[in-house]
Structures are given as C-alpha cells and as structure tokens.
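Listing of coords.cif, mmCIF, C-alpha atoms and all ligand atoms
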```
data_start
#
loop_
_atom_site.label_atom_id
_atom_site.label_comp_id
_atom_site.auth_asym_id
_atom_site.auth_seq_id
_atom_site.Cartn_x
_atom_site.Cartn_y
_atom_site.Cartn_z
CA MET A 28 0.00 0.00 0.00
CA THR A 29 1.41 3.44 -0.91
CA THR A 30 1.46 6.19 1.72
CA PRO A 31 -0.90 9.06 0.83
CA PRO A 32 0.68 12.51 0.41
CA LEU A 33 0.62 14.67 3.51
CA LEU A 34 -1.96 16.98 1.94
CA GLU A 35 -4.00 16.16 -1.13
CA VAL A 36 -6.42 18.69 -2.59
CA ARG A 37 -8.71 17.47 -5.39
CA ASP A 38 -11.04 19.59 -7.49
CA LEU A 39 -11.53 22.21 -4.79
CA THR A 40 -14.22 24.62 -5.96
CA ILE A 41 -15.02 27.43 -3.56
CA SER A 42 -18.05 29.69 -3.84
CA LEU A 43 -18.28 32.63 -1.48
CA ARG A 44 -21.46 34.27 -0.28
CA THR A 45 -22.38 37.57 -1.92
CA PRO A 46 -24.29 40.28 -0.01
CA ASP A 47 -27.55 39.20 -1.70
CA GLY A 48 -27.13 35.64 -0.35
CA GLN A 49 -26.03 34.08 -3.65
CA GLY A 50 -22.76 32.29 -4.34
CA ILE A 51 -19.82 33.47 -6.47
CA LYS A 52 -17.16 31.02 -7.58
CA VAL A 53 -13.67 32.14 -6.61
CA THR A 54 -11.80 28.89 -7.32
CA GLU A 55 -12.56 26.18 -9.83
CA ARG A 56 -11.38 22.55 -9.48
CA VAL A 57 -8.03 23.30 -7.86
CA SER A 58 -5.90 20.16 -7.35
CA PHE A 59 -2.45 19.72 -5.85
CA GLY A 60 -0.54 17.59 -3.37
CA VAL A 61 2.13 18.26 -0.77
CA GLY A 62 4.49 15.47 0.28
CA GLU A 63 6.23 15.15 3.67
CA GLY A 64 9.07 17.67 3.94
CA GLU A 65 8.31 19.20 0.56
CA THR A 66 8.13 22.94 -0.23
CA VAL A 67 5.37 23.82 -2.67
CA CYS A 68 5.20 27.42 -3.89
CA VAL A 69 1.84 28.80 -5.02
CA VAL A 70 2.31 31.60 -7.54
CA GLY A 71 -0.02 33.91 -9.42
CA GLU A 72 -0.98 37.54 -9.75
CA SER A 73 -3.20 39.27 -7.25
CA GLY A 74 -6.73 37.90 -7.22
CA SER A 75 -5.82 34.51 -8.72
CA GLY A 76 -7.29 32.68 -5.72
CA LYS A 77 -4.16 31.66 -3.80
CA THR A 78 -5.27 32.85 -0.37
CA ILE A 79 -8.87 31.72 -0.75
CA THR A 80 -7.69 28.23 -1.77
CA LEU A 81 -5.50 27.87 1.30
CA MET A 82 -8.09 29.35 3.65
CA GLY A 83 -10.56 26.85 2.20
CA VAL A 84 -8.09 24.01 2.80
CA LEU A 85 -7.66 25.15 6.41
CA GLY A 86 -11.40 25.61 6.99
CA LEU A 87 -10.88 29.29 7.77
CA LEU A 88 -13.46 30.82 5.45
CA ASN A 89 -16.23 30.30 7.99
CA GLY A 90 -19.36 32.33 7.28
CA ALA A 91 -17.97 33.63 3.96
CA VAL A 92 -18.53 30.24 2.32
CA PHE A 93 -21.53 29.62 0.12
CA ARG A 94 -20.38 26.17 -1.06
CA LEU A 95 -17.20 24.08 -0.81
CA GLN A 96 -16.88 21.21 -3.28
CA GLY A 97 -14.11 18.70 -3.88
CA SER A 98 -11.85 16.95 -1.45
CA VAL A 99 -9.06 17.92 0.97
CA ARG A 100 -7.27 14.97 2.54
CA PHE A 101 -4.71 15.33 5.28
CA ARG A 102 -2.71 12.13 5.86
CA GLY A 103 -5.43 10.38 3.89
CA ASP A 104 -8.35 11.67 6.03
CA GLU A 105 -11.02 13.87 4.45
CA ILE A 106 -11.08 17.26 6.22
CA LEU A 107 -13.21 19.37 3.89
CA ASN A 108 -16.50 20.42 5.48
CA ARG A 109 -15.47 18.89 8.84
CA PRO A 110 -16.78 20.61 11.99
CA GLN A 111 -14.71 23.56 13.24
CA SER A 112 -13.77 21.68 16.44
CA ALA A 113 -12.04 18.93 14.43
CA LEU A 114 -10.39 21.46 12.11
CA ARG A 115 -9.10 23.49 15.06
CA ARG A 116 -7.32 20.39 16.39
CA ILE A 117 -5.66 19.76 13.02
CA ARG A 118 -4.78 23.44 12.58
CA GLY A 119 -3.04 23.70 15.92
CA ARG A 120 -1.21 20.40 15.95
CA GLU A 121 -0.60 19.40 12.38
CA ILE A 122 -0.90 22.44 10.16
CA ALA A 123 0.22 25.92 11.18
CA LEU A 124 -0.52 29.17 9.36
CA ILE A 125 1.91 32.06 9.01
CA PRO A 126 -0.01 35.08 7.69
CA GLN A 127 1.26 38.03 5.61
CA ASP A 128 1.28 40.47 8.43
CA PRO A 129 2.57 39.24 11.79
CA THR A 130 0.66 41.95 13.68
CA THR A 131 -2.64 40.27 12.77
CA ALA A 132 -1.43 36.97 14.29
CA LEU A 133 -0.40 38.45 17.65
CA THR A 134 -2.58 40.00 20.33
CA PRO A 135 -1.19 43.50 21.05
CA VAL A 136 -2.00 43.50 24.76
CA ARG A 137 -0.17 40.33 25.79
CA THR A 138 3.52 39.46 25.86
CA VAL A 139 4.71 37.34 22.96
CA GLY A 140 5.95 34.64 25.35
CA SER A 141 2.58 34.25 27.01
CA GLN A 142 0.97 33.87 23.59
CA ILE A 143 3.33 31.05 22.59
CA VAL A 144 2.79 29.36 25.97
CA GLU A 145 -0.96 29.59 25.59
CA GLN A 146 -0.79 28.14 22.09
CA MET A 147 1.22 25.16 23.37
CA ARG A 148 -1.03 24.56 26.37
CA SER A 149 -4.23 24.72 24.32
CA HIS A 150 -2.98 21.92 22.07
CA GLY A 151 -1.02 19.67 24.41
CA ASN A 152 -0.63 18.52 27.97
CA ILE A 153 2.34 20.62 29.07
CA SER A 154 3.02 22.47 32.32
CA ARG A 155 3.36 26.25 32.32
CA ASP A 156 7.07 26.03 33.26
CA ALA A 157 7.89 23.48 30.58
CA ALA A 158 5.97 25.54 28.01
CA ARG A 159 7.94 28.65 29.04
CA ARG A 160 11.27 26.82 28.65
CA ARG A 161 10.21 25.47 25.25
CA ALA A 162 8.98 28.91 24.11
CA ILE A 163 12.37 30.44 24.95
CA GLU A 164 14.12 27.60 23.09
CA LEU A 165 11.88 28.23 20.08
CA LEU A 166 12.55 31.98 20.14
CA ASP A 167 16.25 31.08 20.11
CA GLU A 168 15.77 28.61 17.23
CA VAL A 169 14.09 31.24 15.06
CA GLY A 170 17.08 33.54 15.52
CA ILE A 171 15.96 35.96 18.22
CA VAL A 172 19.15 37.17 19.90
CA ASP A 173 17.87 37.61 23.46
CA PRO A 174 15.08 35.01 23.64
CA SER A 175 14.43 35.36 27.39
CA GLY A 176 14.14 39.14 27.01
CA ALA A 177 11.91 38.84 23.95
CA PHE A 178 9.64 36.41 25.82
CA ASP A 179 8.48 39.28 28.06
CA CYS A 180 8.08 41.85 25.28
CA PHE A 181 4.79 43.06 23.87
CA PRO A 182 4.51 42.78 20.07
CA HIS A 183 4.87 46.56 19.56
CA GLN A 184 8.28 46.47 21.28
CA LEU A 185 9.65 44.22 18.50
CA SER A 186 10.51 45.04 14.88
CA GLY A 187 8.38 43.61 12.05
CA GLY A 188 11.00 40.95 11.30
CA MET A 189 11.21 39.95 14.98
CA ARG A 190 7.41 39.74 15.15
CA GLN A 191 7.36 37.43 12.12
CA ARG A 192 10.02 35.27 13.84
CA VAL A 193 7.77 35.12 16.91
CA VAL A 194 4.83 34.03 14.74
CA ILE A 195 7.04 31.31 13.24
CA ALA A 196 8.12 30.21 16.75
CA ALA A 197 4.45 30.02 17.76
CA ALA A 198 3.69 28.03 14.61
CA LEU A 199 6.48 25.56 15.46
CA SER A 200 5.43 25.23 19.10
CA CYS A 201 3.06 22.34 18.45
CA ASN A 202 5.46 20.46 16.11
CA PRO A 203 3.34 20.76 12.96
CA SER A 204 4.18 18.68 9.92
CA LEU A 205 2.94 21.37 7.50
CA ILE A 206 3.31 25.15 7.54
CA ILE A 207 1.19 27.29 5.28
CA ALA A 208 2.88 30.66 4.79
CA ASP A 209 0.80 33.22 2.91
CA GLU A 210 3.26 35.79 1.55
CA PRO A 211 5.01 35.83 4.93
CA THR A 212 7.46 38.57 3.99
CA THR A 213 5.23 41.07 2.18
CA ALA A 214 5.02 43.37 5.20
CA LEU A 215 8.80 43.34 5.77
CA ASP A 216 11.71 45.24 4.24
CA VAL A 217 13.91 43.48 1.68
CA THR A 218 16.83 42.43 3.93
CA VAL A 219 14.49 41.07 6.57
CA GLN A 220 12.48 39.26 3.86
CA ALA A 221 15.59 37.30 2.87
CA GLN A 222 16.32 36.41 6.51
CA ILE A 223 12.79 35.11 7.11
CA LEU A 224 12.86 33.03 3.91
CA ASP A 225 16.26 31.61 4.90
CA LEU A 226 14.79 30.71 8.26
CA LEU A 227 11.83 28.89 6.66
CA GLY A 228 14.20 27.03 4.32
CA ARG A 229 16.42 25.99 7.24
CA LEU A 230 13.43 24.81 9.29
CA SER A 231 12.15 22.79 6.37
CA ARG A 232 15.53 21.07 5.92
CA ASN A 233 16.32 20.55 9.61
CA LEU A 234 12.88 19.58 10.87
CA GLY A 235 11.56 17.88 7.73
CA LEU A 236 8.64 20.33 7.67
CA ALA A 237 6.48 20.58 4.59
CA ILE A 238 5.80 24.18 3.54
CA VAL A 239 3.20 25.68 1.26
CA LEU A 240 4.48 29.15 0.42
CA VAL A 241 2.30 31.70 -1.35
CA THR A 242 4.30 34.29 -3.23
CA HIS A 243 4.21 36.66 -6.20
CA ASP A 244 7.94 36.45 -6.59
CA MET A 245 9.42 33.92 -9.04
CA GLY A 246 12.88 34.64 -7.59
CA ILE A 247 11.68 33.25 -4.24
CA VAL A 248 10.16 30.26 -6.03
CA ALA A 249 13.50 29.57 -7.75
CA GLU A 250 15.22 29.45 -4.37
CA MET A 251 12.69 27.70 -2.19
CA ALA A 252 10.38 25.42 -4.17
CA ASP A 253 10.53 21.70 -4.74
CA ARG A 254 7.30 21.97 -6.67
CA VAL A 255 5.29 24.85 -8.05
CA LEU A 256 1.60 25.55 -8.51
CA ILE A 257 0.75 28.34 -10.95
CA MET A 258 -2.72 29.84 -10.40
CA TYR A 259 -4.67 32.18 -12.64
CA GLY A 260 -8.34 33.17 -12.59
CA GLY A 261 -9.20 30.87 -9.68
CA ARG A 262 -7.66 27.74 -11.18
CA VAL A 263 -4.40 25.91 -11.53
CA VAL A 264 -3.03 26.52 -15.01
CA GLU A 265 0.20 24.59 -14.50
CA ARG A 266 1.97 22.56 -11.85
CA GLY A 267 5.17 20.57 -11.69
CA ALA A 268 8.64 20.25 -10.24
CA ARG A 269 10.51 23.55 -9.97
CA ASP A 270 13.23 22.66 -12.46
CA GLU A 271 10.73 21.49 -15.06
CA ILE A 272 8.68 24.65 -14.67
CA PHE A 273 11.70 26.94 -14.93
CA SER A 274 13.45 25.19 -17.80
CA ASP A 275 10.40 24.34 -19.88
CA PRO A 276 7.15 26.09 -18.94
CA TRP A 277 4.18 24.53 -20.67
CA HIS A 278 1.66 27.32 -20.11
CA PRO A 279 2.04 30.77 -21.74
CA TYR A 280 1.12 32.38 -18.40
CA THR A 281 4.00 30.56 -16.66
CA ALA A 282 6.30 31.64 -19.47
CA GLY A 283 5.15 35.24 -18.98
CA LEU A 284 5.86 35.10 -15.24
CA LEU A 285 9.33 33.67 -15.89
CA ALA A 286 10.06 36.33 -18.47
CA SER A 287 9.57 39.00 -15.83
CA ILE A 288 12.40 37.72 -13.57
CA PRO A 289 15.54 39.90 -13.72
CA PRO A 290 18.53 38.01 -15.20
CA LEU A 291 20.64 36.19 -12.60
CA ASP A 292 23.94 37.28 -14.17
CA GLY A 293 23.21 40.86 -13.13
CA ALA A 294 22.93 42.12 -16.73
CA ARG A 295 20.19 44.71 -16.93
CA ALA A 296 17.50 44.00 -19.43
CA GLU A 297 16.45 47.24 -21.16
CA ARG A 298 12.91 46.67 -19.96
CA LEU A 299 11.67 43.48 -18.36
CA PRO A 300 8.68 42.12 -20.21
CA SER A 301 5.37 42.08 -18.39
CA ILE A 302 2.09 40.46 -19.30
CA PRO A 303 -0.23 43.16 -20.64
CA GLY A 304 -3.69 43.48 -19.13
CA THR A 305 -5.05 42.43 -15.76
CA PRO A 306 -6.38 39.15 -14.38
CA PRO A 307 -10.14 38.57 -14.49
CA GLN A 308 -12.18 38.89 -11.32
CA PRO A 309 -14.59 36.22 -10.03
CA GLY A 310 -17.92 36.57 -11.77
CA ASN A 311 -16.13 37.81 -14.90
CA TRP A 312 -14.12 34.78 -15.86
CA PRO A 313 -14.12 34.35 -19.63
CA SER A 314 -15.53 31.09 -20.94
CA GLY A 315 -12.95 28.70 -22.37
CA CYS A 316 -9.37 29.44 -21.33
CA VAL A 317 -9.35 32.11 -18.59
CA PHE A 318 -5.95 33.38 -19.73
CA ALA A 319 -6.88 33.69 -23.42
CA PRO A 320 -7.77 37.43 -23.40
CA ARG A 321 -4.17 38.24 -22.33
CA CYS A 322 -2.41 35.55 -24.32
CA ALA A 323 -0.64 36.50 -27.54
CA LEU A 324 -0.78 32.87 -28.64
CA ARG A 325 -4.57 32.60 -28.45
CA THR A 326 -6.54 31.10 -31.28
CA SER A 327 -10.23 30.48 -31.75
CA ALA A 328 -9.70 27.09 -30.07
CA CYS A 329 -9.16 28.97 -26.77
CA MET A 330 -12.90 29.71 -26.64
CA GLN A 331 -13.28 26.08 -25.45
CA PRO A 332 -12.05 24.81 -22.04
CA PRO A 333 -8.35 24.03 -22.56
CA PRO A 334 -7.23 20.40 -22.70
CA ARG A 335 -5.09 18.97 -19.91
CA HIS A 336 -1.54 17.90 -20.72
CA SER A 337 0.24 15.74 -18.19
CA ALA A 338 3.35 13.67 -17.71
CA GLY A 339 4.50 12.29 -14.37
CA GLY A 340 3.54 14.83 -11.69
CA ARG A 341 3.40 17.60 -14.28
CA GLU A 342 0.28 19.14 -15.77
CA ALA A 343 -0.87 22.20 -17.66
CA TYR A 344 -4.10 23.36 -19.26
CA CYS A 345 -3.56 24.98 -22.66
CA VAL A 346 -4.59 24.37 -26.22
CA ILE A 347 -0.91 24.42 -27.23
CA GLU A 348 0.85 21.06 -26.99
CA PRO A 349 3.85 21.32 -24.62
CA ARG A 350 6.18 20.02 -27.35
CA ASP A 351 5.22 23.01 -29.52
CA ARG A 352 6.45 25.52 -26.92
CA ARG A 353 10.01 26.83 -27.05
CA PRO A 354 12.11 26.53 -23.88
CA VAL A 355 12.76 29.84 -22.10
CA ARG A 356 15.38 30.93 -19.61
CA ALA A 357 14.50 33.35 -16.83
CA GLY A 358 15.38 36.92 -17.69
CA THR A 359 16.40 36.09 -21.25
CA SER A 360 13.03 35.27 -22.66
CA ARG A 361 12.55 38.01 -25.20
CA ASP A 362 10.80 35.49 -27.42
CA ILE A 363 8.04 35.21 -24.90
CA ALA A 364 7.87 38.96 -24.45
CA VAL A 365 7.44 39.28 -28.18
CA ASP A 366 4.86 36.50 -28.09
CA PHE A 367 2.86 38.40 -25.54
CA GLN A 368 3.12 41.73 -27.25
CA THR A 369 2.27 40.75 -30.79
N1 LIG B 401 -15.63 37.53 0.50
C1 LIG B 401 -15.43 37.59 -0.81
N2 LIG B 401 -16.49 37.69 -1.66
C2 LIG B 401 -16.29 37.74 -2.99
N3 LIG B 401 -15.08 37.70 -3.57
C3 LIG B 401 -14.02 37.61 -2.79
C4 LIG B 401 -14.11 37.55 -1.36
N4 LIG B 401 -12.87 37.44 -0.85
C5 LIG B 401 -12.02 37.45 -1.91
N5 LIG B 401 -12.72 37.55 -3.06
C6 LIG B 401 -12.16 37.59 -4.41
O1 LIG B 401 -11.61 36.32 -4.70
C7 LIG B 401 -10.50 36.46 -5.56
C8 LIG B 401 -9.35 35.66 -5.04
O2 LIG B 401 -8.85 36.28 -3.87
P1 LIG B 401 -7.50 35.80 -3.17
O3 LIG B 401 -7.32 36.65 -1.94
O4 LIG B 401 -7.52 34.34 -2.98
O5 LIG B 401 -6.41 36.17 -4.26
P2 LIG B 401 -4.85 36.02 -4.13
O6 LIG B 401 -4.41 35.24 -5.32
O7 LIG B 401 -4.45 35.47 -2.80
O8 LIG B 401 -4.40 37.53 -4.28
P3 LIG B 401 -3.29 38.37 -3.47
O9 LIG B 401 -2.00 37.92 -4.06
O10 LIG B 401 -3.63 39.78 -3.80
O11 LIG B 401 -3.42 38.04 -2.02
C9 LIG B 401 -10.19 37.95 -5.64
O12 LIG B 401 -10.65 38.43 -6.89
C10 LIG B 401 -11.00 38.55 -4.52
O13 LIG B 401 -11.43 39.84 -4.86
#
```
What would you get if you wrote out this structure as structure tokens?
Amino acid sequence: MTTPPLLEVRDLTISLRTPDGQGIKVTERVSFGVGEGETVCVVGESGSGKTITLMGVLGLLNGAVFRLQGSVRFRGDEILNRPQSALRRIRGREIALIPQDPTTALTPVRTVGSQIVEQMRSHGNISRDAARRRAIELLDEVGIVDPSGAFDCFPHQLSGGMRQRVVIAAALSCNPSLIIADEPTTALDVTVQAQILDLLGRLSRNLGLAIVLVTHDMGIVAEMADRVLIMYGGRVVERGARDEIFSDPWHPYTAGLLASIPPLDGARAERLPSIPGTPPQPGNWPSGCVFAPRCALRTSACMQPPPRHSAGGREAYCVIEPRDRRPVRAGTSRDIAVDFQT
C-alpha cells in the first residue's frame, strides 16, 4: 500500500457568499498535493485565488462560504467540510498558518511569550514552566538574539521581522508537519524578507517540515520550491517540479511570469517584459481558457475549455501542446515577451 501525500487537494471549488445571499465562484477545481518535507510554492498575480484556496483548505473561510466542493485529505483523512472543532485540532497540531502580516497573528495587549505558551497549552498537555522553557528555546531557534528578554516583550516592542520570527516560533510550538505561509514577507523590508525566507528554508531542511508558500515572486520560487503551482483566474493553469517549470514552462502564463524575472547574471534587461492586461475577477471569468484574453498565442480554439496535458507529476491546461512551446530561460526570454506583445 502506498502512503498518501501529507496533503492532497482534489477539485476544490469554492463559492463565497455575496451580499444578496447568492454564491460566487472564486476557485474552480483546484488540485495539488504536498508530500512530507516538501516545499510547494503557489504563484499567481493578485486575485488569482491563492489565499482563498489555502483558507478553504484550512477551513478558515467560515461564514464567507456559500459552497465548498471537492476533497481535501490530510494524511489520507477527508477534512473538507469537517466541523470547526475537528479542524481546530488539526490546525493547531498538524498544520500551522503564518499570515502576511505578523501583527494580525499576535494580540497587542499580551507578551509574545505568554501567547506562545498559551498556544502550546491549548494543544497539548504541558506544564506552564515546561511551556515557558520550550517557548524560549523556540525563540532562540528562530534567531531571536535575546530570547528570554523577547519572551516578556509586547509585540509593539519588537521590529516587524522579529514579530514574524515570533509568529514562526508560535507556529512551530506544536510540532506541525505542515506550515502554510501566505506571503510571509510582504510586510517586511527586503533584507528582513531574505532572513525570514532563509529561516523557513532551514526549518524545512532541519525539521523535515512541509511548507506551502504563497508568493508573487518567481525569484523566491526559484530558491525555495521543490514543486510549483501556478494559479490564474481561480484555477491551476500549470503545476510541476521547480526545475521542469523553470526550464520548460508549458503554459504561456508561466512563461510570462518567468520572463519578468531579472537576469541572474546581473545584466540589466532594457525593460523586463510584463504580461499586458489584468487578471479577471470572479464573476467575470471568460468562458474557455481564462488566460486567453491576455495571451498572444490565443486562437479560436481557446474559446473552449483548454485540454489537460500531463506527464508524471506535471500538468498544464492549454490548447498548445507542450512540445510546440520553445524553452525559455528566466530573464532572457525576449521570445516570450514578443509572443505576448504581438
Ligand atoms: N468575501 C469575498 N467575496 C467575494 N469575492 C471575494 C471575497 N474574498 C475574496 N474575493 C475575491 O476572490 C479572488 C481571489 O482572492 P484571493 O485573496 O484568494 O487572491 P490572491 O491570489 O491570494 O491575491 P493576493 O496575491 O492579492 O493576495 C479575488 O478576486 C478577490 O477579490
């Protein structure tokens, strides 16, 4: 018998409630898996459905949900549409969330140490003293220089980067096997961003933690991902191993994202290509291929839902056969820029 992946999402379609009590689809048949210890990056422009997908997986959409369809299995057990009490247990012990902005994850009126202690005690049988010792150890592990001092600080006494380290320490406090990090460095300055990403990478390697990392930044994907999920218009347009995606993108949208990465050799492109136009909003998804209105390679065949191409763990949805695409290299892909602009 084969072991199921740690997390397996199949055909997750999420409709949210509109003010008039109807439903609006914000994701359509999203599928992906996360193996033990694996880092999966979820990429796509703003509004592509990354956050909503992961909130749906975690059961955090609460009253906003009109309908959830599909399947979310954690260690083989179905968790979609489970009662909140069961989901809370899984969220605390098995899956931890690191949000964009650490201030939203911490209560301003309590010391950071007491918040980590409380998190540990609500999910496990541990004495207050043992939890305090473990919290200080964790603050040390996430690179806080004076962990005992930081334990007694209120969130506002710490810098943004320190606060995000505290949130990561709290996430680790219940020994999760999966961390979901939703653009965890967006609220931080560039140097601190790199430090936090290094920390997540180190934790993944040293503790064998699986990470789902939401990002807009293909540079981060290149450094962190084992596998990549490209989302557009509420659906997955391509997924595969990082090296496959970077060396031979199958979907024109992936190729467009790669074309916008600055060259690694430091040479300055005159102007980095970008994909013209903006992504469609829920309720306004075009029929057929959702990317077609922005795709320079579109044909009349794109008015129909795109066929699925797959090989191994790789898949993409596009009318163009993968073998008919030209390989691109990040930052050198003028061909693609031309493709998009013609
Ligand atoms: N409560 C809601 N009701 C209706 N639409 C919503 C609701 N919440 C989010 N949306 C829409 O769902 C779409 C997907 O949102 P989501 O936050 O998942 O995008 P995202 O890919 O994470 O974007 P970003 O990178 O900006 O965070 C967006 O177009 C958003 O406007």
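Of the listed residues (A:Arg325, A:Arg161, A:Arg192, A:Arg262), A:Arg192 comes nearest to Leu227 in chain A; the distances count all atoms listed in the file.
Residue nearest ligand LIG 401 (chain B) within the list A:Arg341, A:Arg269, A:Arg44, A:His336: A:Arg44 [criterion: smallest interatomic distance, only C-alpha atoms and all ligand atoms].
In this structure, CA of Ser73 in chain A sits 12.5 Å away from atom N3 of ligand LIG 401 (chain B).
Residues within 8 Å of Gly86 in chain A, counting all atoms listed in the file and excluding same-chain residues fewer than 3 positions away, are Met82, Gly83, Asn89, Leu107, Asn108, Gln111 and Leu114 of chain A.
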Write out the residues from the selection above, keeping C-alpha atoms, as a compact mmCIF listing (two decimals), in the frame of the given file.
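Result saved to again07.txt:
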```txt
# COMPACT_ATOMS: atom_id res chain seq x y z
CA MET A 82 -8.09 29.35 3.65
CA GLY A 83 -10.56 26.85 2.20
CA ASN A 89 -16.23 30.30 7.99
CA LEU A 107 -13.21 19.37 3.89
CA ASN A 108 -16.50 20.42 5.48
CA GLN A 111 -14.71 23.56 13.24
CA LEU A 114 -10.39 21.46 12.11
```
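Put simply, CA of Cys329 in chain A is 10.2 Å away from CA of Pro313 in chain A.
Ranking A:Leu81, A:Ser301, A:Cys322, A:Pro182 by their shortest atom-to-atom distance to Pro279 in chain A, with only C-alpha atoms included, puts A:Cys322 first.
Atom pair CA of Ser149 in chain A / CA of Asp179 in chain A has a distance of 19.7 Å (rounded to one decimal).
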Which polymer residues have any atom within 9 Å of an atom of range 243-260 of chain A, counting only C-alpha atoms, with same-chain residues fewer than 6 positions away left out, as a ChimeraX atom specification?
/A:53-55,57,59,61,65-77,210,224-225,227-228,266-270,272-273,280-281,284-285,287-289,306-309,312,317-318
Would you compute an axis-aligned box for ligand LIG 401 (chain B), covering every atom listed for it in the file with 6 Å of margin on each side, and report centre and edge lengths in Å to one decimal as lines of an AutoDock Vina configuration file?
```
center_x = -9.2
center_y = 37.1
center_z = -3.2
size_x = 26.5
size_y = 17.5
size_z = 19.4
```
At a cut-off of 9 Å, using all atoms listed in the file, what residues contact Thr45 in chain A? Leave out same-chain residues fewer than 4 positions from it and give the result as a VMD selection string.
chain A and resid 49 to 51 91 93
Within-9 Å shell of (5.1, 37.0, 22.1) in input frame, all atoms listed in the file, as a VMD selection string:
chain A and resid 133 to 134 137 to 144 177 to 182 190 193 to 194 197
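With all atoms listed in the file as the atoms that count, the minimum distance from Thr130 in chain A to the choices A:Val169, A:Leu85, A:Val241, A:Leu215 is reached by A:Leu215.
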